[in-house]
$ cat query08.cif   # mmCIF, C-alpha atoms and all ligand atoms
data_work
loop_
_atom_site.label_atom_id
_atom_site.label_comp_id
_atom_site.auth_asym_id
_atom_site.auth_seq_id
_atom_site.Cartn_x
_atom_site.Cartn_y
_atom_site.Cartn_z
CA MET Q 130 58.43 -191.71 -31.93
CA SER Q 131 56.21 -188.73 -31.00
CA VAL Q 132 53.86 -187.72 -28.21
CA LEU Q 133 50.48 -186.43 -29.36
CA VAL Q 134 49.24 -183.57 -27.16
CA THR Q 135 45.53 -182.93 -27.69
CA GLY Q 136 44.61 -179.39 -26.59
CA GLY Q 137 48.31 -178.53 -26.75
CA ALA Q 138 47.64 -174.84 -27.49
CA GLY Q 139 45.69 -174.41 -24.25
CA PHE Q 140 46.82 -173.04 -20.89
CA ILE Q 141 48.05 -176.31 -19.36
CA GLY Q 142 48.73 -177.98 -22.72
CA SER Q 143 51.14 -175.26 -23.93
CA HIS Q 144 53.09 -175.26 -20.66
CA THR Q 145 53.32 -179.06 -20.82
CA VAL Q 146 54.62 -178.99 -24.42
CA VAL Q 147 57.39 -176.60 -23.29
CA GLN Q 148 58.37 -178.96 -20.46
CA LEU Q 149 58.19 -182.01 -22.77
CA PHE Q 150 60.63 -180.27 -25.12
CA GLU Q 151 62.94 -179.71 -22.13
CA HIS Q 152 62.88 -183.51 -21.76
CA GLY Q 153 63.81 -184.01 -25.42
CA GLU Q 154 60.45 -185.32 -26.62
CA GLU Q 155 59.14 -185.12 -30.21
CA ILE Q 156 55.69 -183.46 -30.18
CA VAL Q 157 52.56 -183.41 -32.33
CA ILE Q 158 49.74 -181.03 -31.32
CA LEU Q 159 46.02 -181.27 -32.12
CA ASP Q 160 43.90 -178.25 -31.16
CA ASN Q 161 40.66 -176.66 -32.43
CA PHE Q 162 41.34 -173.30 -30.72
CA SER Q 163 37.99 -173.46 -28.90
CA ASN Q 164 39.68 -172.12 -25.77
CA SER Q 165 43.11 -171.08 -27.06
CA SER Q 166 44.60 -169.03 -29.90
CA PRO Q 167 47.04 -169.71 -32.78
CA ASP Q 168 49.60 -167.21 -31.48
CA VAL Q 169 50.45 -169.61 -28.64
CA LEU Q 170 52.06 -171.98 -31.16
CA ASP Q 171 54.81 -169.53 -32.09
CA LYS Q 172 55.29 -168.61 -28.41
CA ILE Q 173 55.97 -172.31 -27.68
CA ARG Q 174 58.53 -172.36 -30.52
CA GLN Q 175 60.08 -169.12 -29.22
CA ILE Q 176 60.43 -170.41 -25.65
CA SER Q 177 61.65 -173.90 -26.51
CA GLY Q 178 63.57 -173.27 -29.74
CA ARG Q 179 61.92 -176.45 -31.01
CA ASP Q 180 59.31 -177.11 -33.70
CA PHE Q 181 56.41 -179.56 -33.82
CA ARG Q 182 53.75 -180.85 -36.19
CA PHE Q 183 50.43 -179.06 -35.69
CA TYR Q 184 46.96 -180.20 -36.78
CA GLU Q 185 44.00 -177.83 -36.39
CA GLY Q 186 40.73 -179.63 -35.80
CA ASP Q 187 38.31 -181.38 -33.53
CA MET Q 188 39.19 -184.61 -31.74
CA ARG Q 189 35.86 -186.04 -33.00
CA ASP Q 190 37.08 -185.80 -36.60
CA ARG Q 191 37.95 -189.45 -37.21
CA GLU Q 192 39.54 -188.79 -40.60
CA LEU Q 193 41.82 -186.17 -39.07
CA LEU Q 194 42.79 -188.56 -36.27
CA GLU Q 195 43.52 -191.27 -38.84
CA ARG Q 196 45.76 -188.81 -40.73
CA ILE Q 197 47.62 -187.84 -37.54
CA PHE Q 198 48.31 -191.46 -36.57
CA THR Q 199 49.25 -192.40 -40.16
CA GLU Q 200 51.60 -189.44 -40.71
CA ASN Q 201 53.28 -189.74 -37.31
CA GLU Q 202 54.53 -192.57 -35.13
CA ILE Q 203 52.57 -191.75 -31.95
CA GLU Q 204 53.80 -193.69 -28.87
CA ALA Q 205 51.69 -191.85 -26.28
CA VAL Q 206 48.84 -189.35 -26.04
CA ILE Q 207 48.63 -186.59 -23.44
CA HIS Q 208 44.94 -185.77 -23.56
CA PHE Q 209 44.01 -182.20 -22.54
CA ALA Q 210 41.36 -181.44 -25.17
CA GLY Q 211 37.98 -180.86 -23.57
CA LEU Q 212 35.44 -178.28 -22.49
CA LYS Q 213 36.02 -177.27 -18.86
CA ALA Q 214 33.62 -174.59 -17.60
CA VAL Q 215 31.48 -175.91 -14.76
CA GLY Q 216 28.66 -173.37 -15.16
CA GLU Q 217 28.55 -173.74 -18.95
CA SER Q 218 28.30 -177.51 -18.60
CA VAL Q 219 25.10 -177.10 -16.58
CA GLU Q 220 23.59 -175.03 -19.42
CA LYS Q 221 24.91 -177.24 -22.25
CA PRO Q 222 25.18 -180.83 -20.92
CA LEU Q 223 24.83 -182.55 -24.31
CA GLU Q 224 27.67 -180.43 -25.78
CA TYR Q 225 29.90 -181.38 -22.84
CA TYR Q 226 29.08 -185.10 -22.97
CA ASP Q 227 29.55 -185.22 -26.75
CA ASN Q 228 32.74 -183.18 -26.86
CA ASN Q 229 34.51 -184.62 -23.82
CA ILE Q 230 33.35 -188.24 -23.80
CA ASN Q 231 32.70 -188.95 -27.48
CA GLY Q 232 35.87 -187.01 -28.30
CA THR Q 233 37.92 -189.18 -25.94
CA LEU Q 234 36.38 -192.34 -27.45
CA CYS Q 235 37.41 -191.16 -30.94
CA VAL Q 236 40.99 -190.62 -29.73
CA LEU Q 237 41.07 -194.03 -28.00
CA GLU Q 238 39.74 -195.76 -31.15
CA ALA Q 239 42.45 -194.14 -33.29
CA MET Q 240 45.05 -195.19 -30.70
CA LYS Q 241 43.74 -198.76 -30.79
CA ALA Q 242 43.79 -198.88 -34.60
CA HIS Q 243 47.46 -197.85 -34.54
CA GLY Q 244 48.69 -199.84 -31.56
CA CYS Q 245 49.28 -196.79 -29.35
CA LYS Q 246 48.87 -197.94 -25.74
CA ARG Q 247 49.76 -195.02 -23.45
CA MET Q 248 47.47 -192.17 -22.36
CA ILE Q 249 48.04 -189.45 -19.76
CA PHE Q 250 44.59 -188.06 -19.00
CA SER Q 251 43.76 -184.55 -17.77
CA SER Q 252 41.37 -185.30 -14.92
CA SER Q 253 40.36 -182.95 -12.12
CA ALA Q 254 39.92 -182.66 -8.35
CA THR Q 255 36.29 -181.99 -9.19
CA VAL Q 256 35.79 -185.78 -9.21
CA TYR Q 257 36.08 -185.75 -5.39
CA GLY Q 258 32.61 -184.20 -5.30
CA ASN Q 259 31.03 -182.84 -2.11
CA ASP Q 260 31.11 -185.87 0.17
CA ASN Q 261 34.81 -186.46 0.81
CA LYS Q 262 36.91 -184.93 3.57
CA VAL Q 263 40.16 -183.01 2.87
CA PRO Q 264 42.95 -183.80 2.19
CA PHE Q 265 41.68 -185.81 -0.77
CA THR Q 266 43.32 -189.18 -1.48
CA GLU Q 267 43.15 -191.06 -4.77
CA ASP Q 268 41.26 -194.03 -3.25
CA MET Q 269 38.26 -191.91 -2.31
CA LYS Q 270 34.85 -192.38 -3.95
CA THR Q 271 34.32 -190.16 -7.00
CA SER Q 272 31.18 -188.28 -7.98
CA ALA Q 273 30.24 -184.96 -9.52
CA THR Q 274 27.74 -182.14 -9.12
CA ASN Q 275 27.74 -180.99 -12.76
CA PRO Q 276 28.04 -182.43 -16.29
CA TYR Q 277 31.66 -181.22 -16.63
CA GLY Q 278 32.62 -183.16 -13.50
CA TRP Q 279 30.67 -186.24 -14.66
CA THR Q 280 32.64 -186.27 -17.94
CA LYS Q 281 35.85 -186.51 -15.90
CA VAL Q 282 34.40 -189.29 -13.72
CA PHE Q 283 33.16 -191.24 -16.77
CA ILE Q 284 36.40 -190.88 -18.73
CA GLU Q 285 38.35 -192.19 -15.72
CA HIS Q 286 36.07 -195.26 -15.76
CA ILE Q 287 36.47 -195.63 -19.55
CA LEU Q 288 40.26 -195.71 -19.15
CA GLU Q 289 40.01 -198.23 -16.30
CA GLY Q 290 37.96 -200.41 -18.66
CA VAL Q 291 40.49 -200.05 -21.48
CA CYS Q 292 43.30 -201.15 -19.13
CA THR Q 293 41.25 -204.16 -17.99
CA SER Q 294 40.53 -205.24 -21.58
CA ASP Q 295 44.07 -204.61 -22.83
CA ARG Q 296 46.73 -205.57 -20.29
CA GLU Q 297 49.38 -203.84 -22.39
CA PHE Q 298 47.66 -200.44 -22.04
CA SER Q 299 48.98 -197.80 -19.63
CA ALA Q 300 46.78 -194.91 -18.43
CA VAL Q 301 47.77 -192.26 -15.88
CA LEU Q 302 44.81 -190.22 -14.60
CA LEU Q 303 46.12 -186.89 -13.31
CA ARG Q 304 43.71 -185.11 -10.97
CA TYR Q 305 44.57 -181.40 -11.16
CA PHE Q 306 43.75 -179.10 -8.30
CA ASN Q 307 43.69 -175.36 -9.13
CA PRO Q 308 46.28 -174.44 -11.77
CA ILE Q 309 47.45 -170.79 -11.81
CA GLY Q 310 50.69 -168.95 -12.64
CA ALA Q 311 52.48 -168.73 -15.99
CA HIS Q 312 55.79 -169.54 -17.65
CA LYS Q 313 58.63 -167.35 -16.34
CA SER Q 314 59.18 -165.88 -19.83
CA GLY Q 315 55.81 -164.12 -19.59
CA LEU Q 316 55.09 -165.34 -23.14
CA ILE Q 317 52.39 -167.91 -22.31
CA GLY Q 318 49.74 -168.04 -19.58
CA GLU Q 319 46.03 -168.32 -18.95
CA LYS Q 320 43.89 -166.23 -21.31
CA PRO Q 321 40.29 -167.44 -20.97
CA ASN Q 322 37.77 -166.27 -23.55
CA GLY Q 323 34.99 -164.06 -22.12
CA ILE Q 324 34.25 -163.39 -18.44
CA PRO Q 325 36.52 -165.64 -16.35
CA ASN Q 326 34.82 -168.28 -14.22
CA ASN Q 327 37.92 -168.95 -12.17
CA LEU Q 328 39.34 -166.83 -9.37
CA MET Q 329 42.85 -165.94 -10.58
CA PRO Q 330 41.94 -164.69 -14.08
CA TYR Q 331 39.17 -162.62 -12.47
CA ILE Q 332 41.60 -161.12 -9.92
CA VAL Q 333 43.89 -160.19 -12.84
CA LYS Q 334 41.08 -158.31 -14.62
CA VAL Q 335 40.33 -156.35 -11.43
CA ALA Q 336 44.04 -155.58 -10.98
CA ASN Q 337 44.33 -154.26 -14.55
CA GLY Q 338 41.19 -152.14 -14.17
CA GLU Q 339 38.89 -154.09 -16.51
CA TYR Q 340 36.52 -154.81 -13.60
CA ASP Q 341 36.17 -152.50 -10.60
CA HIS Q 342 36.00 -155.22 -7.96
CA LEU Q 343 36.13 -158.94 -7.23
CA ASN Q 344 33.04 -160.70 -5.87
CA VAL Q 345 34.14 -163.00 -3.07
CA PHE Q 346 31.64 -165.85 -3.14
CA GLY Q 347 30.89 -166.21 0.57
CA ASP Q 348 32.87 -165.46 3.72
CA ASP Q 349 30.91 -167.71 6.07
CA TYR Q 350 32.57 -171.06 5.30
CA ASP Q 351 34.21 -172.98 8.13
CA THR Q 352 37.72 -172.01 6.96
CA VAL Q 353 40.66 -169.89 8.15
CA ASP Q 354 38.93 -166.61 7.20
CA GLY Q 355 35.49 -167.79 6.05
CA THR Q 356 36.34 -167.73 2.34
CA GLY Q 357 36.81 -170.76 0.06
CA VAL Q 358 40.10 -172.67 0.39
CA ARG Q 359 41.72 -174.31 -2.64
CA ASP Q 360 45.01 -176.05 -3.52
CA TYR Q 361 46.55 -173.68 -6.07
CA ILE Q 362 49.35 -175.26 -8.08
CA HIS Q 363 51.81 -173.54 -10.44
CA VAL Q 364 51.06 -174.50 -14.03
CA VAL Q 365 54.76 -175.30 -14.62
CA ASP Q 366 54.70 -177.72 -11.66
CA LEU Q 367 51.59 -179.23 -13.20
CA ALA Q 368 53.36 -179.52 -16.57
CA ASP Q 369 56.30 -181.30 -14.95
CA GLY Q 370 53.83 -183.74 -13.41
CA HIS Q 371 52.95 -184.78 -16.98
CA THR Q 372 56.54 -185.49 -17.99
CA ALA Q 373 56.89 -187.60 -14.84
CA ALA Q 374 53.62 -189.40 -15.69
CA LEU Q 375 54.85 -190.09 -19.26
CA GLU Q 376 58.02 -191.69 -17.87
CA TYR Q 377 55.87 -193.77 -15.51
CA ALA Q 378 53.59 -194.89 -18.38
CA ARG Q 379 56.61 -196.04 -20.38
CA LYS Q 380 57.69 -198.34 -17.55
CA ASN Q 381 54.32 -199.54 -16.21
CA LYS Q 382 51.05 -200.96 -17.50
CA GLY Q 383 47.53 -200.60 -16.15
CA VAL Q 384 45.75 -197.56 -14.71
CA GLN Q 385 47.30 -195.22 -12.14
CA THR Q 386 45.48 -192.28 -10.53
CA VAL Q 387 47.52 -189.39 -9.10
CA ASN Q 388 46.70 -186.03 -7.46
CA LEU Q 389 48.65 -183.06 -8.80
CA GLY Q 390 48.49 -180.40 -6.10
CA THR Q 391 50.73 -178.83 -3.47
CA GLY Q 392 48.93 -180.33 -0.45
CA ARG Q 393 48.43 -176.79 0.90
CA GLY Q 394 45.16 -174.82 1.01
CA THR Q 395 44.92 -171.08 0.32
CA SER Q 396 41.80 -168.97 0.92
CA VAL Q 397 40.35 -166.46 -1.53
CA LEU Q 398 41.43 -163.52 0.64
CA GLU Q 399 44.91 -164.98 1.13
CA LEU Q 400 45.28 -165.27 -2.64
CA VAL Q 401 44.05 -161.69 -3.14
CA LYS Q 402 46.63 -160.46 -0.62
CA ALA Q 403 49.43 -162.48 -2.22
CA PHE Q 404 48.56 -161.13 -5.66
CA GLU Q 405 48.45 -157.52 -4.41
CA LYS Q 406 51.90 -158.04 -2.87
CA ALA Q 407 53.32 -159.64 -6.04
CA SER Q 408 51.80 -157.14 -8.47
CA GLY Q 409 51.78 -153.93 -6.45
CA LYS Q 410 48.17 -153.51 -7.63
CA LYS Q 411 45.09 -153.19 -5.44
CA VAL Q 412 42.34 -155.75 -5.82
CA PRO Q 413 39.15 -154.26 -4.31
CA TYR Q 414 36.51 -156.84 -3.39
CA VAL Q 415 33.00 -157.17 -2.03
CA ILE Q 416 31.56 -160.15 -0.19
CA ALA Q 417 28.88 -161.77 -2.37
CA PRO Q 418 26.58 -164.77 -1.78
CA ARG Q 419 28.07 -168.26 -1.97
CA ARG Q 420 28.30 -169.74 -5.51
CA PRO Q 421 26.01 -172.80 -5.85
CA GLY Q 422 28.01 -176.04 -5.93
CA ASP Q 423 31.11 -174.62 -4.24
CA ILE Q 424 32.67 -176.57 -1.40
CA ALA Q 425 34.44 -174.93 1.55
CA GLU Q 426 37.81 -176.64 1.22
CA CYS Q 427 39.57 -178.60 -1.52
CA TYR Q 428 43.21 -179.62 -1.23
CA ALA Q 429 45.26 -182.69 -2.06
CA ASP Q 430 47.07 -185.42 -0.23
CA VAL Q 431 50.19 -185.47 -2.44
CA SER Q 432 52.02 -188.48 -0.98
CA LYS Q 433 51.17 -190.77 -3.90
CA ALA Q 434 52.55 -188.36 -6.53
CA LYS Q 435 55.87 -188.38 -4.69
CA GLU Q 436 55.90 -192.13 -4.19
CA VAL Q 437 54.68 -193.23 -7.65
CA LEU Q 438 55.92 -190.42 -9.94
CA GLY Q 439 58.80 -189.07 -7.87
CA TRP Q 440 57.15 -185.66 -8.39
CA GLN Q 441 56.28 -182.84 -6.02
CA ALA Q 442 55.36 -179.20 -6.53
CA LYS Q 443 58.27 -176.75 -6.23
CA TYR Q 444 56.59 -173.33 -6.42
CA ASP Q 445 54.66 -171.49 -3.71
CA ILE Q 446 51.79 -168.99 -3.84
CA ASP Q 447 54.15 -165.99 -4.09
CA ASP Q 448 55.89 -167.55 -7.13
CA MET Q 449 52.50 -168.26 -8.73
CA CYS Q 450 51.29 -164.70 -8.20
CA ALA Q 451 54.55 -163.13 -9.39
CA ASP Q 452 54.54 -165.23 -12.59
CA ASN Q 453 50.83 -164.57 -13.14
CA ALA Q 454 51.38 -160.81 -12.74
CA ARG Q 455 54.35 -160.82 -15.15
CA TRP Q 456 52.27 -162.64 -17.78
CA ALA Q 457 48.90 -160.92 -17.30
CA LEU Q 458 49.97 -157.39 -16.37
CA LYS Q 459 53.26 -157.46 -18.31
CA LEU Q 460 54.97 -156.44 -15.07
C1 LIG Q 501 38.17 -170.93 -6.49
C2 LIG Q 501 37.64 -170.24 -5.24
C3 LIG Q 501 35.30 -169.72 -5.35
C4 LIG Q 501 35.70 -166.77 -8.58
C5 LIG Q 501 37.05 -175.01 -10.78
C6 LIG Q 501 36.57 -176.31 -11.34
C7 LIG Q 501 37.70 -177.29 -11.36
C8 LIG Q 501 38.87 -176.69 -12.11
C9 LIG Q 501 39.29 -175.38 -11.46
C10 LIG Q 501 38.77 -177.39 -14.38
C11 LIG Q 501 36.27 -170.76 -4.81
C12 LIG Q 501 36.13 -168.45 -5.28
C13 LIG Q 501 35.95 -167.74 -7.63
C14 LIG Q 501 35.25 -165.48 -8.17
C15 LIG Q 501 35.38 -166.18 -5.89
N1 LIG Q 501 38.54 -176.47 -13.46
N2 LIG Q 501 35.81 -167.44 -6.31
N3 LIG Q 501 35.11 -165.23 -6.84
O1 LIG Q 501 35.68 -173.75 -8.33
O2 LIG Q 501 37.80 -174.46 -7.11
O3 LIG Q 501 37.45 -175.19 -9.46
O4 LIG Q 501 38.14 -174.52 -11.53
O5 LIG Q 501 39.30 -178.45 -14.24
O6 LIG Q 501 37.26 -178.45 -12.00
O7 LIG Q 501 35.58 -176.82 -10.48
O8 LIG Q 501 37.94 -172.81 -8.96
O9 LIG Q 501 38.74 -170.53 -9.41
O10 LIG Q 501 36.29 -171.07 -9.83
O11 LIG Q 501 37.15 -170.90 -7.49
O12 LIG Q 501 35.24 -165.91 -4.67
O13 LIG Q 501 34.99 -164.56 -9.01
O14 LIG Q 501 37.46 -168.85 -5.52
O15 LIG Q 501 34.14 -169.60 -4.54
O16 LIG Q 501 36.23 -170.75 -3.39
P1 LIG Q 501 37.14 -174.05 -8.37
P2 LIG Q 501 37.51 -171.28 -9.01
#
$ encode --input "query08.cif" --output "structure tokens"
Amino acid sequence: MSVLVTGGAGFIGSHTVVQLFEHGEEIVILDNFSNSSPDVLDKIRQISGRDFRFYEGDMRDRELLERIFTENEIEAVIHFAGLKAVGESVEKPLEYYDNNINGTLCVLEAMKAHGCKRMIFSSSATVYGNDNKVPFTEDMKTSATNPYGWTKVFIEHILEGVCTSDREFSAVLLRYFNPIGAHKSGLIGEKPNGIPNNLMPYIVKVANGEYDHLNVFGDDYDTVDGTGVRDYIHVVDLADGHTAALEYARKNKGVQTVNLGTGRGTSVLELVKAFEKASGKKVPYVIAPRRPGDIAECYADVSKAKEVLGWQAKYDIDDMCADNARWALKL
């Protein structure tokens, strides 16, 4: 029996495959390399000493999905594949709705045709929107302020509907906070195409001299130092959350929603300082206007993850920055 990992060549997907191998799983990967590169596949083999079946293609290719489920006995799907840039989703809403939602429907239809009834879904803290108060708990109302966020909200509802219509189905919706860091080997990590939207990959490019400074989007928020506070979580902790969710899905039916964060908030300037300490590099910055759509604080209540999955994050900000520096700056 195998686990199909869609988007398995991506930042979180590749780290999860490595951890799944640690747990003795058989893996099949589907990826179209829209936000990843083929060299990651050999890095996964190098780190884990294990091999896997790989299919290059788009999750909306029904014939390809049919081939994957016919050629392999898939008992569960860990579903990472999806477009994930907030700003881009505002410019290209139809591309985001088609890729993320229609793509997920294609995967679910192939699963149904082959009796596969377990999905671990890559959701996001973005579904907490702007109206909830931190720390965020899984029972809070969901909403979004951009098409990317709406795709996550809609797919969560789709999976709730699948579990209502098929009582044998098990879906675990994992709401990620802000994943950073990299595997200790320094062989895999985040490598976004183009100008990074997210804070850590941007900090890295300033540290390695590609950009001359970081723009800090606002220092007048009601936070510890006025800059945005987020719940940064080590990508390896996040990956381990998926192996725990897979175990849970094997023993339980129905839909389960779980935050994957540390429960601790870190400001932009605190992260800059931690990265400078870990890397020995300076990260010059200027205070810029707030970024539209940003909220002041976003961090998780992580009690449910501990209670339901028996999982909690192990790494702290210094670990995340040290591992990020080793990967990105080859320190
Ligand atoms: C973090 C903080 C910015 C860049 C987004 C998505 C979320 C998830 C993670 C996919 C904020 C500040 C950033 C910069 C800055 N993605 N910042 N200068 O916005 O919390 O979450 O990425 O699932 O869904 O919404 O992450 O890294 O963009 O921003 O000052 O150049 O850093 O204002 O306070 P965010 P981020």
$ closest_atom_pairs --input "query08.cif" --of "chain Q" --to "ligand LIG 501 (chain Q)" --cutoff "7 Å" --atoms "only C-alpha atoms and all ligand atoms" --output "tab-separated table"
residue	atom	partner	partner_atom	distance
Q:Lys213	CA	Q:LIG501	C10	5.3
Q:Ala214	CA	Q:LIG501	C10	6.7
Q:Val215	CA	Q:LIG501	O7	6.0
Q:Ser253	CA	Q:LIG501	O5	5.1
Q:Ala254	CA	Q:LIG501	O6	6.2
Q:Thr255	CA	Q:LIG501	O6	4.6
Q:Gly278	CA	Q:LIG501	O6	6.8
Q:Tyr305	CA	Q:LIG501	O5	6.8
Q:Phe306	CA	Q:LIG501	C9	6.6
Q:Asn307	CA	Q:LIG501	C9	5.0
Q:Asn326	CA	Q:LIG501	O10	5.4
Q:Asn327	CA	Q:LIG501	O9	3.3
Q:Leu328	CA	Q:LIG501	C4	3.7
Q:Met329	CA	Q:LIG501	O9	6.3
Q:Tyr331	CA	Q:LIG501	O13	5.8
Q:Leu343	CA	Q:LIG501	O13	6.0
Q:Asn344	CA	Q:LIG501	N3	5.1
Q:Val345	CA	Q:LIG501	O12	3.5
Q:Phe346	CA	Q:LIG501	O12	3.9
Q:Gly347	CA	Q:LIG501	O12	6.8
Q:Thr356	CA	Q:LIG501	O16	6.5
Q:Gly357	CA	Q:LIG501	O16	3.5
Q:Val358	CA	Q:LIG501	O16	5.7
Q:Arg359	CA	Q:LIG501	O2	5.9
Q:Val397	CA	Q:LIG501	O14	5.5
Q:Arg419	CA	Q:LIG501	O15	6.7
Q:Arg420	CA	Q:LIG501	O15	5.9
Q:Asp423	CA	Q:LIG501	O15	5.9
Q:Ala425	CA	Q:LIG501	O16	6.7
$ atom_distance --input "query08.cif" --atom1 "atom CA of Leu375 of chain Q" --atom2 "atom CA of Ile249 of chain Q"
6.9 Å
$ atom_distance --input "query08.cif" --atom1 "atom CA of Leu316 of chain Q" --atom2 "atom CA of Gln175 of chain Q"
8.7 Å
$ closest_residue --input "query08.cif" --among "Q:Glu405, Q:Asp445, Q:Asp341, Q:Asp171" --to "Thr391 of chain Q" --atoms "all atoms listed in the file"
Q:Asp445
$ residues_around --input "query08.cif" --residues "segment 427-430 of chain Q" --least-positions-apart "2" --cutoff "8 Å" --atoms "all atoms listed in the file" --output "number ranges by chain"
Q: 254, 263-266, 306, 358-360, 388-394, 424-425, 432-433
$ closest_residue --input "query08.cif" --among "Q:Lys313, Q:Lys382, Q:His208, Q:Lys262" --to "Val132 of chain Q" --atoms "all atoms listed in the file"
Q:His208
$ atom_distance --input "query08.cif" --atom1 "atom CA of Asn164 of chain Q" --atom2 "atom CA of Ala374 of chain Q"
24.4 Å
$ residues_near_point --input "query08.cif" --point "(25.7, -182.8, -23.2)" --cutoff "10 Å" --atoms "only C-alpha atoms" --output "PyMOL selection string"
chain Q and resi 218-230+276-277+280
$ write_last_selection --input "query08.cif" --atoms "C-alpha atoms" --output "CSV table (one decimal), in the coordinates of the input"
chain,number,residue,atom,x,y,z
Q,218,SER,CA,28.3,-177.5,-18.6
Q,219,VAL,CA,25.1,-177.1,-16.6
Q,220,GLU,CA,23.6,-175.0,-19.4
Q,221,LYS,CA,24.9,-177.2,-22.2
Q,222,PRO,CA,25.2,-180.8,-20.9
Q,223,LEU,CA,24.8,-182.6,-24.3
Q,224,GLU,CA,27.7,-180.4,-25.8
Q,225,TYR,CA,29.9,-181.4,-22.8
Q,226,TYR,CA,29.1,-185.1,-23.0
Q,227,ASP,CA,29.6,-185.2,-26.8
Q,228,ASN,CA,32.7,-183.2,-26.9
Q,229,ASN,CA,34.5,-184.6,-23.8
Q,230,ILE,CA,33.4,-188.2,-23.8
Q,276,PRO,CA,28.0,-182.4,-16.3
Q,277,TYR,CA,31.7,-181.2,-16.6
Q,280,THR,CA,32.6,-186.3,-17.9
$ closest_residue --input "query08.cif" --among "Q:Phe198, Q:Phe298, Q:Phe209, Q:Phe150" --to "Arg179 of chain Q" --atoms "all atoms listed in the file"
Q:Phe150
$ residues_near_point --input "query08.cif" --point "(53.9, -201.7, -17.8)" --cutoff "8 Å" --atoms "only C-alpha atoms" --output "JSON, numbers by chain"
{"Q": [297, 298, 299, 378, 379, 380, 381, 382, 383]}
$ write_last_selection --input "query08.cif" --atoms "C-alpha atoms" --output "PDB file, keeping the file's coordinate frame"
ATOM      1  CA  GLU Q 297      49.380-203.840 -22.390  1.00  0.00           C
ATOM      2  CA  PHE Q 298      47.660-200.440 -22.040  1.00  0.00           C
ATOM      3  CA  SER Q 299      48.980-197.800 -19.630  1.00  0.00           C
ATOM      4  CA  ALA Q 378      53.590-194.890 -18.380  1.00  0.00           C
ATOM      5  CA  ARG Q 379      56.610-196.040 -20.380  1.00  0.00           C
ATOM      6  CA  LYS Q 380      57.690-198.340 -17.550  1.00  0.00           C
ATOM      7  CA  ASN Q 381      54.320-199.540 -16.210  1.00  0.00           C
ATOM      8  CA  LYS Q 382      51.050-200.960 -17.500  1.00  0.00           C
ATOM      9  CA  GLY Q 383      47.530-200.600 -16.150  1.00  0.00           C
TER      10      GLY Q 383
END
$ residues_around --input "query08.cif" --residues "Thr372 of chain Q" --least-positions-apart "4" --cutoff "8 Å" --atoms "only C-alpha atoms" --output "short mmCIF file (atom, residue, chain, number, x, y, z; two decimals) with C-alpha atoms, keeping the file's coordinate frame"
data_model
loop_
_atom_site.label_atom_id
_atom_site.label_comp_id
_atom_site.auth_asym_id
_atom_site.auth_seq_id
_atom_site.Cartn_x
_atom_site.Cartn_y
_atom_site.Cartn_z
CA THR Q 145 53.32 -179.06 -20.82
CA GLN Q 148 58.37 -178.96 -20.46
CA LEU Q 149 58.19 -182.01 -22.77
CA HIS Q 152 62.88 -183.51 -21.76
CA ALA Q 368 53.36 -179.52 -16.57
CA GLU Q 376 58.02 -191.69 -17.87
#
$ closest_residue --input "query08.cif" --among "Q:Asp187, Q:Trp279, Q:Ala454, Q:Glu426" --to "Asn259 of chain Q" --atoms "all atoms listed in the file"
Q:Glu426
$ residues_around --input "query08.cif" --residues "Gly310 of chain Q" --least-positions-apart "2" --cutoff "9 Å" --atoms "all atoms listed in the file" --output "PDB file with C-alpha atoms, in the coordinates of the input"
ATOM      1  CA  PRO Q 308      46.280-174.440 -11.770  1.00  0.00           C
ATOM      2  CA  HIS Q 312      55.790-169.540 -17.650  1.00  0.00           C
ATOM      3  CA  LYS Q 313      58.630-167.350 -16.340  1.00  0.00           C
ATOM      4  CA  GLY Q 318      49.740-168.040 -19.580  1.00  0.00           C
ATOM      5  CA  GLU Q 319      46.030-168.320 -18.950  1.00  0.00           C
ATOM      6  CA  MET Q 329      42.850-165.940 -10.580  1.00  0.00           C
ATOM      7  CA  ILE Q 362      49.350-175.260  -8.080  1.00  0.00           C
ATOM      8  CA  HIS Q 363      51.810-173.540 -10.440  1.00  0.00           C
ATOM      9  CA  VAL Q 364      51.060-174.500 -14.030  1.00  0.00           C
ATOM     10  CA  VAL Q 365      54.760-175.300 -14.620  1.00  0.00           C
ATOM     11  CA  ILE Q 446      51.790-168.990  -3.840  1.00  0.00           C
ATOM     12  CA  ASP Q 448      55.890-167.550  -7.130  1.00  0.00           C
ATOM     13  CA  MET Q 449      52.500-168.260  -8.730  1.00  0.00           C
ATOM     14  CA  CYS Q 450      51.290-164.700  -8.200  1.00  0.00           C
ATOM     15  CA  ALA Q 451      54.550-163.130  -9.390  1.00  0.00           C
ATOM     16  CA  ASP Q 452      54.540-165.230 -12.590  1.00  0.00           C
ATOM     17  CA  ASN Q 453      50.830-164.570 -13.140  1.00  0.00           C
ATOM     18  CA  ALA Q 454      51.380-160.810 -12.740  1.00  0.00           C
ATOM     19  CA  TRP Q 456      52.270-162.640 -17.780  1.00  0.00           C
TER      20      TRP Q 456
END
$ closest_residue --input "query08.cif" --among "Q:Phe140, Q:Phe250, Q:Tyr184, Q:Tyr340" --to "Ile309 of chain Q" --atoms "only C-alpha atoms"
Q:Phe140
$ closest_residue --input "query08.cif" --among "Q:Val412, Q:Val301, Q:Val169, Q:Ala242" --to "Asn337 of chain Q" --atoms "all atoms listed in the file"
Q:Val412
$ residues_around --input "query08.cif" --residues "Arg196 of chain Q" --least-positions-apart "4" --cutoff "10 Å" --atoms "all atoms listed in the file" --output "PyMOL selection string"
chain Q and resi 184+191-192+200-201+239
$ axis_aligned_box --input "query08.cif" --around "segment 288-298 of chain Q" --padding-each-side "3 Å" --output "lines of an AutoDock Vina configuration file"
center_x = 43.7
center_y = -200.6
center_z = -19.6
size_x = 17.4
size_y = 15.9
size_z = 12.5
